[in-house]
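Novice: What follows is start08.txt, compact mmCIF, C-alpha atoms and all ligand atoms.
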# COMPACT_ATOMS: atom_id res chain seq x y z
CA MET A 1 123.94 76.20 60.22
CA PHE A 2 121.61 73.83 62.05
CA VAL A 3 123.30 71.76 64.74
CA ASP A 4 122.09 68.88 66.87
CA SER A 5 121.07 70.37 70.17
CA ASP A 6 122.72 69.40 73.41
CA LEU A 7 119.76 68.98 75.76
CA ARG A 8 120.13 67.86 79.39
CA VAL A 9 116.79 67.03 80.97
CA TYR A 10 116.06 66.60 84.70
CA PRO A 11 112.81 65.40 86.26
CA ASN A 12 111.95 68.61 88.06
CA VAL A 13 113.03 72.18 88.61
CA ASN A 14 114.83 71.49 91.91
CA GLU A 15 116.99 68.77 90.41
CA LEU A 16 117.63 70.99 87.42
CA TYR A 17 119.00 73.90 89.44
CA ALA A 18 120.98 71.64 91.77
CA LYS A 19 122.61 69.97 88.77
CA VAL A 20 123.37 73.21 86.92
CA ALA A 21 124.91 74.79 90.03
CA LYS A 22 127.29 71.83 90.40
CA ALA A 23 128.07 71.80 86.69
CA PHE A 24 128.76 75.55 86.79
CA ILE A 25 131.39 75.02 89.47
CA GLN A 26 133.01 72.25 87.42
CA LYS A 27 132.98 74.41 84.32
CA ILE A 28 134.64 77.35 86.09
CA SER A 29 137.31 74.97 87.44
CA GLU A 30 137.90 73.68 83.92
CA LEU A 31 138.05 77.18 82.38
CA SER A 32 140.41 78.30 85.14
CA GLN A 33 142.97 75.84 83.81
CA GLN A 34 142.76 77.37 80.35
CA ARG A 35 142.52 81.12 80.95
CA SER A 36 143.97 83.83 83.17
CA ARG A 37 140.50 85.32 83.83
CA ILE A 38 136.96 84.38 82.90
CA GLN A 39 134.47 86.73 81.27
CA LEU A 40 131.08 85.49 82.48
CA GLY A 41 127.70 86.76 81.26
CA VAL A 42 124.78 86.52 83.67
CA SER A 43 121.09 86.94 82.79
CA GLY A 44 118.29 88.29 84.90
CA GLY A 45 115.06 86.51 85.82
CA SER A 46 115.29 82.95 87.08
CA VAL A 47 119.02 82.61 86.36
CA ALA A 48 119.77 85.40 88.82
CA MET A 49 117.03 84.65 91.32
CA LYS A 50 117.20 80.85 91.44
CA LEU A 51 120.57 79.71 90.13
CA LEU A 52 122.94 82.22 91.74
CA PRO A 53 121.76 81.42 95.30
CA LYS A 54 122.36 77.69 94.62
CA ILE A 55 125.86 78.42 93.35
CA ALA A 56 126.52 80.60 96.40
CA GLN A 57 125.37 77.82 98.74
CA LEU A 58 127.80 75.35 97.18
CA LEU A 59 130.68 77.82 97.34
CA GLU A 60 129.93 78.69 100.96
CA ALA A 61 130.02 74.98 101.83
CA HIS A 62 133.26 74.37 99.88
CA PRO A 63 135.22 77.65 99.63
CA GLU A 64 138.44 75.73 98.93
CA ILE A 65 137.15 75.06 95.40
CA MET A 66 137.89 78.70 94.58
CA ASP A 67 141.60 78.35 95.44
CA ALA A 68 142.20 77.01 91.95
CA TRP A 69 140.02 79.58 90.19
CA VAL A 70 141.12 82.60 88.17
CA PRO A 71 139.31 85.97 88.60
CA ILE A 72 135.79 86.01 87.19
CA HIS A 73 134.48 89.17 85.54
CA VAL A 74 130.70 89.19 85.69
CA TRP A 75 128.91 91.02 82.88
CA LEU A 76 125.18 91.64 82.75
CA VAL A 77 123.80 90.03 79.62
CA ASP A 78 120.99 92.51 80.04
CA GLU A 79 119.91 94.90 82.77
CA ARG A 80 116.68 96.64 83.64
CA HIS A 81 117.22 100.42 83.37
CA VAL A 82 116.04 101.08 86.93
CA GLU A 83 117.67 102.45 90.07
CA LEU A 84 120.01 100.43 92.26
CA ASP A 85 117.41 99.98 95.00
CA SER A 86 114.87 98.42 92.62
CA PRO A 87 114.28 94.73 93.33
CA GLU A 88 114.05 94.29 89.55
CA ARG A 89 117.70 95.15 89.03
CA THR A 90 119.80 92.07 88.24
CA SER A 91 123.03 93.63 89.48
CA SER A 92 121.67 93.77 93.05
CA ILE A 93 121.18 90.01 93.00
CA VAL A 94 124.61 89.36 91.47
CA ARG A 95 126.17 91.55 94.12
CA ARG A 96 124.24 89.96 96.99
CA GLU A 97 124.77 86.34 95.91
CA LEU A 98 128.28 86.40 94.44
CA VAL A 99 130.30 89.61 94.56
CA ASP A 100 129.73 90.53 98.21
CA LYS A 101 130.42 86.97 99.32
CA PHE A 102 133.32 85.83 97.16
CA PRO A 103 136.11 88.26 96.15
CA ILE A 104 136.97 86.15 93.09
CA PHE A 105 133.92 87.71 91.35
CA THR A 106 134.02 91.29 90.01
CA LEU A 107 130.80 92.85 88.75
CA HIS A 108 130.78 95.26 85.83
CA ASP A 109 127.63 97.21 86.64
CA ALA A 110 125.52 99.29 84.25
CA PRO A 111 124.61 102.99 84.70
CA VAL A 112 121.42 103.84 86.59
CA PRO A 113 118.75 106.19 85.14
CA SER A 114 119.38 108.95 87.72
CA GLU A 115 122.93 109.25 86.35
CA VAL A 116 122.24 108.38 82.71
CA PRO A 117 118.53 108.82 81.91
CA ASP A 118 118.68 107.70 78.28
CA PRO A 119 118.93 103.89 77.98
CA PHE A 120 120.81 104.14 74.66
CA SER A 121 123.48 106.24 76.36
CA ALA A 122 123.57 103.72 79.22
CA ALA A 123 124.05 100.91 76.66
CA ALA A 124 126.86 102.86 74.99
CA ILE A 125 128.60 103.35 78.34
CA TYR A 126 128.35 99.63 79.08
CA ALA A 127 129.69 98.82 75.61
CA GLN A 128 132.63 101.08 76.33
CA LYS A 129 133.30 99.20 79.59
CA LEU A 130 133.35 95.96 77.64
CA SER A 131 135.76 97.45 75.13
CA ASP A 132 137.99 98.80 77.87
CA VAL A 133 138.28 95.48 79.65
CA PHE A 134 138.60 93.31 76.57
CA THR A 135 140.67 95.73 74.50
CA PRO A 136 142.87 97.75 76.83
CA SER A 137 145.16 99.08 74.12
CA GLN A 138 143.40 101.56 71.86
CA VAL A 139 145.64 102.28 68.92
CA GLY A 140 143.17 103.98 66.63
CA ASP A 141 139.49 103.87 65.66
CA ASP A 142 139.92 101.09 63.09
CA VAL A 143 141.75 98.89 65.53
CA VAL A 144 139.11 99.46 68.21
CA LEU A 145 136.35 98.57 65.72
CA LEU A 146 138.18 95.44 64.64
CA LYS A 147 138.74 94.37 68.23
CA ALA A 148 135.10 95.04 69.13
CA ARG A 149 134.17 92.39 66.59
CA THR A 150 136.37 89.85 68.34
CA ILE A 151 135.08 90.52 71.87
CA CYS A 152 133.23 87.52 73.23
CA LEU A 153 132.16 86.11 76.56
CA ASP A 154 133.85 82.91 77.69
CA PHE A 155 130.70 81.61 79.30
CA ALA A 156 127.09 82.85 79.57
CA LEU A 157 124.18 81.80 81.77
CA LEU A 158 121.00 82.47 79.83
CA GLY A 159 117.27 82.24 80.35
CA LEU A 160 114.50 81.70 77.82
CA GLY A 161 111.22 83.62 78.01
CA PRO A 162 107.96 81.89 77.05
CA ASP A 163 107.83 84.18 74.01
CA GLY A 164 111.29 83.07 72.82
CA HIS A 165 113.23 86.08 74.06
CA PHE A 166 116.56 85.80 75.77
CA ALA A 167 118.61 88.63 77.29
CA SER A 168 116.30 91.58 76.39
CA LEU A 169 116.04 90.53 72.74
CA PHE A 170 112.33 90.16 72.05
CA PRO A 171 110.59 88.67 68.99
CA SER A 172 110.12 91.14 66.11
CA HIS A 173 111.81 94.00 67.97
CA GLU A 174 114.33 96.32 66.33
CA THR A 175 116.98 95.29 68.86
CA LEU A 176 117.39 92.02 66.95
CA TYR A 177 119.01 93.85 64.07
CA GLU A 178 121.40 96.02 66.07
CA GLY A 179 125.09 95.37 65.60
CA GLY A 180 127.93 96.20 67.95
CA LEU A 181 128.11 95.15 71.57
CA MET A 182 125.11 96.64 73.38
CA THR A 183 121.78 98.23 72.60
CA ALA A 184 118.69 99.47 74.44
CA GLU A 185 115.12 98.17 74.54
CA THR A 186 112.60 100.90 75.34
CA GLU A 187 109.34 98.97 74.90
CA SER A 188 109.96 95.65 76.56
CA PRO A 189 106.76 93.60 76.59
CA LYS A 190 107.93 92.26 79.94
CA PRO A 191 108.26 95.03 82.56
CA PRO A 192 110.16 97.14 83.17
CA ALA A 193 109.98 98.66 79.70
CA GLN A 194 113.47 100.15 79.57
CA ARG A 195 116.48 97.86 79.50
CA ILE A 196 119.93 97.58 78.07
CA THR A 197 121.02 94.34 76.44
CA MET A 198 123.93 92.67 74.73
CA THR A 199 123.27 92.34 71.01
CA LEU A 200 122.71 89.10 69.10
CA GLU A 201 125.97 89.82 67.32
CA LEU A 202 127.89 89.76 70.59
CA LEU A 203 125.98 86.96 72.30
CA ARG A 204 126.27 84.49 69.46
CA ARG A 205 130.08 84.73 69.70
CA THR A 206 129.94 83.38 73.29
CA ARG A 207 132.21 80.36 73.64
CA VAL A 208 130.01 78.40 76.06
CA SER A 209 126.31 79.26 76.42
CA TRP A 210 124.03 77.56 78.89
CA PHE A 211 120.27 78.06 78.78
CA ILE A 212 118.42 77.10 81.95
CA VAL A 213 114.78 76.47 81.11
CA SER A 214 112.02 75.25 83.38
CA GLY A 215 108.25 75.00 83.26
CA ALA A 216 105.59 73.76 80.86
CA ASP A 217 104.90 77.32 79.70
CA LYS A 218 108.25 77.21 77.87
CA ALA A 219 107.76 73.80 76.21
CA VAL A 220 106.56 75.02 72.82
CA VAL A 221 109.11 77.80 72.49
CA LEU A 222 111.99 75.56 73.58
CA SER A 223 111.07 73.05 70.89
CA HIS A 224 111.03 75.87 68.34
CA ALA A 225 114.38 77.20 69.56
CA VAL A 226 116.13 73.83 69.16
CA HIS A 227 114.39 72.84 65.93
CA GLY A 228 115.60 75.82 63.92
CA ALA A 229 112.81 78.41 64.19
CA ASP A 230 113.22 81.80 62.53
CA TYR A 231 115.18 83.96 64.97
CA ARG A 232 112.88 86.92 64.31
CA GLU A 233 110.08 84.90 65.93
CA VAL A 234 112.19 82.96 68.45
CA PRO A 235 115.37 84.98 69.08
CA ALA A 236 116.95 82.25 71.25
CA SER A 237 117.10 79.93 68.21
CA VAL A 238 120.17 81.92 67.11
CA MET A 239 122.03 80.41 70.05
CA ASN A 240 121.40 76.79 69.08
CA GLN A 241 125.00 76.34 68.03
CA VAL A 242 128.13 74.44 68.98
CA GLY A 243 128.97 75.22 72.62
CA THR A 244 125.36 75.68 73.72
CA ILE A 245 123.72 73.43 76.31
CA TRP A 246 120.00 73.57 76.99
CA TRP A 247 119.52 72.55 80.64
CA CYS A 248 115.83 71.80 81.16
CA ASP A 249 113.31 70.23 83.44
CA ALA A 250 110.98 67.58 82.02
CA PRO A 251 107.95 69.89 81.60
CA ALA A 252 110.02 72.38 79.56
CA ALA A 253 111.49 69.62 77.38
CA SER A 254 108.18 67.83 76.84
CA LYS A 255 107.66 69.10 73.30
CA VAL A 256 111.17 68.60 71.94
CA ASN A 257 111.20 65.84 69.30
CA GLY A 258 112.69 62.61 70.51
CA ILE A 259 112.56 63.52 74.21
CA VAL A 260 109.20 61.98 75.06
O1 LIG B 301 113.35 89.51 81.03
C1 LIG B 301 114.16 88.60 81.08
O2 LIG B 301 113.76 87.35 80.83
C2 LIG B 301 114.66 86.31 80.48
C3 LIG B 301 113.99 85.00 80.86
O3 LIG B 301 113.71 85.04 82.23
P1 LIG B 301 113.13 83.77 82.99
O4 LIG B 301 112.87 84.24 84.40
O5 LIG B 301 111.88 83.37 82.29
O6 LIG B 301 114.17 82.70 82.93
C4 LIG B 301 116.00 86.52 81.19
O7 LIG B 301 116.92 85.55 80.81
C5 LIG B 301 116.50 87.91 80.87
O8 LIG B 301 117.79 88.16 81.36
C6 LIG B 301 115.55 88.85 81.52
O9 LIG B 301 115.90 90.16 81.47
Can you turn what I pasted into structure tokens?
Specialist:
Amino acid sequence: MFVDSDLRVYPNVNELYAKVAKAFIQKISELSQQRSRIQLGVSGGSVAMKLLPKIAQLLEAHPEIMDAWVPIHVWLVDERHVELDSPERTSSIVRRELVDKFPIFTLHDAPVPSEVPDPFSAAAIYAQKLSDVFTPSQVGDDVVLLKARTICLDFALLGLGPDGHFASLFPSHETLYEGGLMTAETESPKPPAQRITMTLELLRRTRVSWFIVSGADKAVVLSHAVHGADYREVPASVMNQVGTIWWCDAPAASKVNGIV
């Protein structure tokens, strides 16, 4: 189903990140009134490197905001299958910016290659963690399967690659057709090659998805994503649904119809 896109456009990248960080805090406060815990998905790339530090700054300045929050479980929307000490690993940033600073955040980390060399096995282990946290009572295989289909994130912070990928779901790759909760990408066009990623099936069930998109190099692909492109060419177009907000700077939004 094609839906009107909810686009929020800011003049430049600094204003964009400042606005999203504030809005994130408001959203967590709102969700805290509705739920006993929040299952939050966090992407790598600019979401981790640029947005999380802004959120951390606001929380350090106003820690009292968190008094009204419920526990937040952080899940990696995708993770590079590299060792813990690699600067490419998203979990290190999540830990540094959120988990080590604010005890309200708990990180569900993914296996490292030295423990689990095969990325598909690592993806399966992460899927099992999701199942354990979301479905604590295993009654039998059928029930577990049924519950796996109802697992969804409450809120996800997502990025959009200039090629239309999000998470580690790349155009024309087999990963797009995988069902279940998690899968592995072994030939990522963007290094490093080996990653684990949530599936389209899981991500599209997310209740509230926010894409944070900046830069003129993403203008064409953003317009395709919000104007109903084929998901096999622009995987992020799958997420243009009710509950999704596209937070953009003006250069990224410059090719969306009706914006300029
Ligand atoms: O490789 C990845 O890229 C996307 C987009 O990153 P960005 O830096 O261009 O925003 C990111 O969302 C994803 O998690 C990551 O693994």
Novice: Put a box with edges along x, y and z around all the listed atoms of ligand LIG 301 (chain B), pad it by 8 Å on each side, then give me its centre and sizes in Å, one decimal, as lines of an AutoDock Vina configuration file.
Specialist:
center_x = 114.8
center_y = 86.4
center_z = 82.4
size_x = 21.9
size_y = 23.5
size_z = 19.9
Novice: Atom CA of Ala156 of chain A and atom CA of Pro11 of chain A are how many Å apart?
Specialist: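 A separation of 23.5 Å between them.
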Novice: Please identify every polymer residue within 6 Å of ligand LIG 301 (chain B), using all atoms listed in the file, and present the set as a short mmCIF file (atom, residue, chain, number, x, y, z; two decimals) with C-alpha atoms, in the frame of the given file.
Specialist:
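As written to disk, pocket36.cif reads:
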data_model
loop_
_atom_site.label_atom_id
_atom_site.label_comp_id
_atom_site.auth_asym_id
_atom_site.auth_seq_id
_atom_site.Cartn_x
_atom_site.Cartn_y
_atom_site.Cartn_z
CA SER A 43 121.09 86.94 82.79
CA GLY A 44 118.29 88.29 84.90
CA GLY A 45 115.06 86.51 85.82
CA SER A 46 115.29 82.95 87.08
CA VAL A 47 119.02 82.61 86.36
CA ASP A 78 120.99 92.51 80.04
CA LEU A 158 121.00 82.47 79.83
CA GLY A 159 117.27 82.24 80.35
CA LEU A 160 114.50 81.70 77.82
CA GLY A 161 111.22 83.62 78.01
CA PHE A 166 116.56 85.80 75.77
CA ALA A 167 118.61 88.63 77.29
CA SER A 168 116.30 91.58 76.39
#
Novice: Of the candidates A:Val242, A:Ala56, A:Pro87, A:Ser214, which one gets nearest to Asp100 of chain A if we count only C-alpha atoms?
Specialist: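 When distances to Asp100 of chain A are compared using only C-alpha atoms, the smallest one comes from A:Ala56.
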Novice: Show me, as a count of residues only, the residues that have an atom within 6 Å of segment 170-184 of chain A when counting only C-alpha atoms, minus same-chain residues fewer than 4 positions from it.
Specialist: 15
Novice: Mind checking which residues fall within 12 Å of Gly228 of chain A, counting all atoms listed in the file, ignoring those fewer than 6 positions away in the same chain, and posting them as a list in words?
Specialist: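 In the requested format, the answer is Met1, Phe2, Val3, Asp4, Ser5, Val221, Leu222, Val234, Pro235, Ala236, Ser237, Val238, Met239, Asn240, Gln241 and Val256 of chain A.
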Novice: Looking at A:Glu30, A:Asp67, A:Asp154, A:Glu185, which one is nearest to Ile104 of chain A, with distances taken over all atoms listed in the file?
Specialist: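 Nearest to Ile104 of chain A: A:Asp67.
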Novice: I'd like the interatomic distance between atom CA of Phe105 of chain A and atom CA of Glu83 of chain A, to a tenth of an Å.
Specialist: 22.0 Å
Novice: Pick from A:Val220, A:Leu7, A:Leu98, A:Ala193: nearest to Trp247 of chain A, with all atoms listed in the file counted?
Specialist: A:Leu7
Novice: Find the residue from A:Phe155, A:Pro191, A:Ala124, A:Ser91 that sits nearest to Phe24 of chain A; use only C-alpha atoms when measuring.
Specialist: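 Among the listed residues, A:Phe155 lies closest to Phe24 of chain A.
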Novice: Suppose you want the space between atom CA of Ser188 of chain A and atom CA of Ile151 of chain A; what is it in Å?
Specialist: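 Result for atom CA of Ser188 of chain A versus atom CA of Ile151 of chain A: 26.1 Å, one decimal.
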Novice: Identify, on the basis of all atoms listed in the file, every residue whose closest approach to Val99 of chain A does not exceed 12 Å; exclude the query and any residue fewer than 5 positions from it along the same chain; express the result as a list in words.
Specialist: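 Counting only the stated atoms, we get Leu52, Pro53, Ala56, Pro71, Ile72, His73, Val74, Trp75, Ser91, Ser92, Ile93, Val94, Ile104, Phe105, Thr106, Leu107, His108 and Asp109 of chain A.
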Novice: For Lys101 of chain A, list every protein, DNA or RNA residue within 10 Å, evaluated using all atoms listed in the file, and leave out those in the same chain fewer than 4 positions away; present the list as a list in words.
Specialist: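 What passes the distance filter is Ala56, Leu59, Glu60, Arg95, Arg96, Glu97 and Phe105 of chain A.
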Novice: For Gly243 of chain A, please output as a ChimeraX atom specification all residues within 9 Å (counting only C-alpha atoms; exclusion window: fewer than 2 positions along the same chain).
Specialist: /A:6,206-210,240-241,245
Novice: So which one's closest to Pro111 of chain A, A:Leu130, A:Ala250, A:Ala21, A:Val82? Using all atoms listed in the file, please.
Specialist: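 Residue with the minimum atom-to-atom distance to Pro111 of chain A: A:Val82.
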Novice: Using all atoms listed in the file, which residue out of A:His224, A:Leu203, A:Thr186, A:Asp132 lies closest to Asp118 of chain A?
Specialist: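 That would be A:Thr186, the residue with the smallest distance to Asp118 of chain A.
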